[in-house]
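J.: Structure in structure tokens, see below.
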Amino acid sequence: MTAFLLLFVDRKGAPAAVPDDLAALSRLARELSAAGKLLRAGRLAPESAAVRIAVHDGHTITTDGPFAEGAETLAGFWLVEAADAAEATDLARRAFELGPPGAVDVHAVAQRYSVRPDPGTGVPFLLAFCNDPHLADCDQEKLQEMIAYGAALERDGKLFETTPLARSAPSPRVESRGGQTLVTEGPFAEAKEVIGGYTLLRATSRAEAIQIARRYPAARWGTVEVREIVEP
């Protein structure tokens, strides 16, 4: 069995999700959790509450959401376990057809680190590590930096998972076109950034989560997007 990250994407300006859609998605999540397929999940706060952090030549650049660039925004995530990419894509299709309008991206997980139960104390956050799509996979030196920083956060009781995403295989996207559900294989030429990994943590506040992101090594070669999880 392999872990896959399903990213729920909203299109800016599209109609908001209706309660019935979210309720149906929640029922599927409970079904998959009971079957041992759904490992973690979370709905994210609106992009207006997000922050992006980048460090260039020792200078930290902080950008508050909503972000002008891009027609899409992250809305939530599922971490699922599946036999292969085909099964993970099928789970994404089921979720997409029940959930709000937008798309669901399927990312293979390279290796999960610091996998612990959610401590449940403090405010939960997803930190998404965004890179140029033409950037090669994180080299061993960068990976070790990330692991070391994550281990320190884990010792402090903050971090409960950090995971790089595989870049060797295309990332399928489930979306609707002309009233039909389609699966499109990436990479996508129009993408200015791709998510190369993520961290799940608990912080005492949004301000602390931003400070953690500012010190993350990934901010030196990409962007760290800080998103509060409002519904685990």
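Letters A, B, ... go to the chains of the structure tokens in the order shown; residues in each chain start at 1; ligands are counted from 1 in the same order.
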Taking 6 positions as the minimum chain separation for residues in the same chain, which residues sit within 9 Å of Thr60 of chain A when counting only C-alpha atoms? Answer as an NGL selection string.
T.: :A and (53-54 or 214 or 219-220)
J.: Give me, as a VMD selection string, all polymer residues having an atom no more than 8 Å from segment 119-129 of chain A, counting only C-alpha atoms and skipping those fewer than 3 positions away in the same chain.
T.: chain A and resid 157 160 195 to 206 209 213 218 to 219 222 to 230
J.: May I have the residues from that selection written out with N, CA and C atoms, as a tab-separated table (two decimals), in the first residue's frame?
T.:
```
chain	number	residue	atom	x	y	z
A	157	GLY	N	7.09	19.17	20.30
A	157	GLY	CA	5.67	18.82	20.36
A	157	GLY	C	4.81	19.58	19.39
A	160	PHE	N	3.61	16.93	13.71
A	160	PHE	CA	3.23	15.53	13.81
A	160	PHE	C	3.28	14.80	12.46
A	195	ILE	N	3.42	21.89	-5.61
A	195	ILE	CA	3.64	21.55	-4.22
A	195	ILE	C	4.60	20.38	-4.14
A	196	GLY	N	5.72	20.60	-3.47
A	196	GLY	CA	6.75	19.56	-3.36
A	196	GLY	C	6.70	18.80	-2.06
A	197	GLY	N	5.88	19.24	-1.11
A	197	GLY	CA	5.78	18.57	0.17
A	197	GLY	C	4.93	19.38	1.13
A	198	TYR	N	4.76	18.87	2.34
A	198	TYR	CA	3.93	19.57	3.32
A	198	TYR	C	4.35	19.16	4.73
A	199	THR	N	3.94	19.96	5.68
A	199	THR	CA	4.10	19.67	7.10
A	199	THR	C	2.77	19.91	7.80
A	200	LEU	N	2.43	19.06	8.73
A	200	LEU	CA	1.28	19.24	9.60
A	200	LEU	C	1.80	19.51	11.00
A	201	LEU	N	1.30	20.57	11.63
A	201	LEU	CA	1.77	20.93	12.96
A	201	LEU	C	0.68	21.61	13.75
A	202	ARG	N	0.93	21.74	15.04
A	202	ARG	CA	0.08	22.51	15.95
A	202	ARG	C	0.90	23.66	16.50
A	203	ALA	N	0.34	24.85	16.49
A	203	ALA	CA	1.00	26.04	17.02
A	203	ALA	C	0.07	26.72	18.02
A	204	THR	N	0.65	27.55	18.86
A	204	THR	CA	-0.17	28.26	19.83
A	204	THR	C	-1.02	29.34	19.16
A	205	SER	N	-0.57	29.81	17.97
A	205	SER	CA	-1.29	30.89	17.29
A	205	SER	C	-0.85	30.95	15.83
A	206	ARG	N	-1.55	31.74	15.06
A	206	ARG	CA	-1.16	31.99	13.67
A	206	ARG	C	0.21	32.62	13.60
A	209	ALA	N	2.87	30.02	13.93
A	209	ALA	CA	2.97	29.22	12.70
A	209	ALA	C	3.76	29.97	11.63
A	213	ALA	N	7.31	28.96	9.82
A	213	ALA	CA	7.47	28.94	8.37
A	213	ALA	C	8.65	29.80	7.93
A	218	ALA	N	12.85	25.23	3.42
A	218	ALA	CA	12.19	25.29	2.12
A	218	ALA	C	11.91	26.71	1.66
A	219	ALA	N	11.82	27.65	2.58
A	219	ALA	CA	11.54	29.05	2.21
A	219	ALA	C	12.71	29.67	1.44
A	222	GLY	N	12.07	28.11	-2.30
A	222	GLY	CA	10.70	28.11	-2.79
A	222	GLY	C	9.84	29.00	-1.93
A	223	THR	N	8.59	28.62	-1.77
A	223	THR	CA	7.63	29.38	-0.97
A	223	THR	C	6.96	28.44	0.02
A	224	VAL	N	6.76	28.91	1.24
A	224	VAL	CA	6.04	28.15	2.25
A	224	VAL	C	4.68	28.84	2.46
A	225	GLU	N	3.62	28.13	2.16
A	225	GLU	CA	2.28	28.69	2.33
A	225	GLU	C	1.69	28.16	3.65
A	226	VAL	N	1.25	29.08	4.50
A	226	VAL	CA	0.73	28.74	5.82
A	226	VAL	C	-0.79	28.76	5.76
A	227	ARG	N	-1.41	27.61	6.02
A	227	ARG	CA	-2.87	27.50	5.95
A	227	ARG	C	-3.40	26.85	7.22
A	228	GLU	N	-4.32	27.56	7.88
A	228	GLU	CA	-4.95	26.99	9.08
A	228	GLU	C	-5.95	25.91	8.68
A	229	ILE	N	-5.96	24.82	9.45
A	229	ILE	CA	-6.93	23.75	9.25
A	229	ILE	C	-8.12	24.05	10.17
A	230	VAL	N	-9.28	24.27	9.58
A	230	VAL	CA	-10.44	24.67	10.38
A	230	VAL	C	-11.33	23.49	10.72
```
J.: Using only C-alpha atoms, which residue out of A:Ser33, A:Ser26, A:Ser171, A:Thr73 lies closest to Ala108 of chain A?
T.: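 Residue with the minimum atom-to-atom distance to Ala108 of chain A: A:Ser171.
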J.: Here is a test: counting only C-alpha atoms, which residue of A:Pro100, A:Ala92, A:Gly179, A:Leu44 is nearest to Pro15 of chain A?
T.: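 With only C-alpha atoms as the atom set, the closest residue is A:Pro100.
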J.: When you look at segment 139-143 of chain A with a cut-off of 9 Å (counting only C-alpha atoms), what residues show up, excluding the ones that are within fewer than 4 positions of it in the same chain? I need them as a ChimeraX atom specification.
T.: /A:147-148,164,217-218
J.: I'd like the neighbourhood of Leu28 of chain A as a PyMOL selection string, where a residue qualifies if any of its atoms comes within 9 Å (using only C-alpha atoms), though same-chain residues fewer than 4 positions away should be ignored.
T.: chain A and resi 23-24+32-33+94-95+98
J.: Just to be explicit: take each residue in the selection above, keep N, CA, C and O atoms, and write the result as a PDB file, in the first residue's frame.
T.:
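And here's part-v7.pdb as it stands now:
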```
ATOM      1  N   ALA A  23     -21.585  17.747   3.469  1.00  0.00           N
ATOM      2  CA  ALA A  23     -22.095  16.626   4.261  1.00  0.00           C
ATOM      3  C   ALA A  23     -21.836  15.307   3.547  1.00  0.00           C
ATOM      4  O   ALA A  23     -21.432  14.311   4.167  1.00  0.00           O
ATOM      5  N   ALA A  24     -22.050  15.269   2.224  1.00  0.00           N
ATOM      6  CA  ALA A  24     -21.803  14.049   1.457  1.00  0.00           C
ATOM      7  C   ALA A  24     -20.324  13.697   1.469  1.00  0.00           C
ATOM      8  O   ALA A  24     -19.949  12.522   1.599  1.00  0.00           O
ATOM      9  N   LEU A  32     -14.289   5.944   4.409  1.00  0.00           N
ATOM     10  CA  LEU A  32     -12.912   5.592   4.072  1.00  0.00           C
ATOM     11  C   LEU A  32     -12.041   5.475   5.318  1.00  0.00           C
ATOM     12  O   LEU A  32     -11.136   4.635   5.384  1.00  0.00           O
ATOM     13  N   SER A  33     -12.313   6.309   6.313  1.00  0.00           N
ATOM     14  CA  SER A  33     -11.570   6.225   7.572  1.00  0.00           C
ATOM     15  C   SER A  33     -11.833   4.892   8.267  1.00  0.00           C
ATOM     16  O   SER A  33     -10.913   4.232   8.763  1.00  0.00           O
ATOM     17  N   ARG A  94     -14.330   9.835  -6.685  1.00  0.00           N
ATOM     18  CA  ARG A  94     -15.503   9.703  -5.813  1.00  0.00           C
ATOM     19  C   ARG A  94     -15.686  10.957  -4.970  1.00  0.00           C
ATOM     20  O   ARG A  94     -16.807  11.460  -4.804  1.00  0.00           O
ATOM     21  N   ALA A  95     -14.585  11.470  -4.429  1.00  0.00           N
ATOM     22  CA  ALA A  95     -14.661  12.685  -3.614  1.00  0.00           C
ATOM     23  C   ALA A  95     -15.084  13.875  -4.456  1.00  0.00           C
ATOM     24  O   ALA A  95     -15.921  14.696  -4.035  1.00  0.00           O
ATOM     25  N   LEU A  98     -18.786  14.058  -5.282  1.00  0.00           N
ATOM     26  CA  LEU A  98     -19.644  14.370  -4.139  1.00  0.00           C
ATOM     27  C   LEU A  98     -19.450  15.789  -3.636  1.00  0.00           C
ATOM     28  O   LEU A  98     -20.366  16.396  -3.080  1.00  0.00           O
TER      29      LEU A  98
END
```
J.: Would you work out the distance separating atom CA of Phe8 of chain A from atom CA of Ala49 of chain A, expressed in Å to one decimal?
T.: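 A separation of 17.2 Å between them.
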J.: Do you have the atom CA of Ile210 of chain A-atom CA of Arg52 of chain A distance handy?
T.: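 That distance, rounded to one decimal, is 8.7 Å.
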J.: Identify all residues of segment 9-109 of chain A in alpha helix (DSSP H) (DSSP on the backbone) and supply them as a ChimeraX atom specification.
T.: /A:19-34,85-98
J.: What is the distance between atom CA of Glu69 of chain A and atom CA of Gly99 of chain A, in Å to one decimal?
T.: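 Between atom CA of Glu69 of chain A and atom CA of Gly99 of chain A the gap is 24.8 Å.
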J.: Name the residues of segment 9-224 of chain A that come out as strand (DSSP E or B) in a backbone DSSP run; write them as number ranges by chain.
T.: A: 9-11, 38-44, 51-56, 59-64, 72-82, 103-109, 113, 123-131, 159-165, 172-177, 180-185, 194-203, 223-224
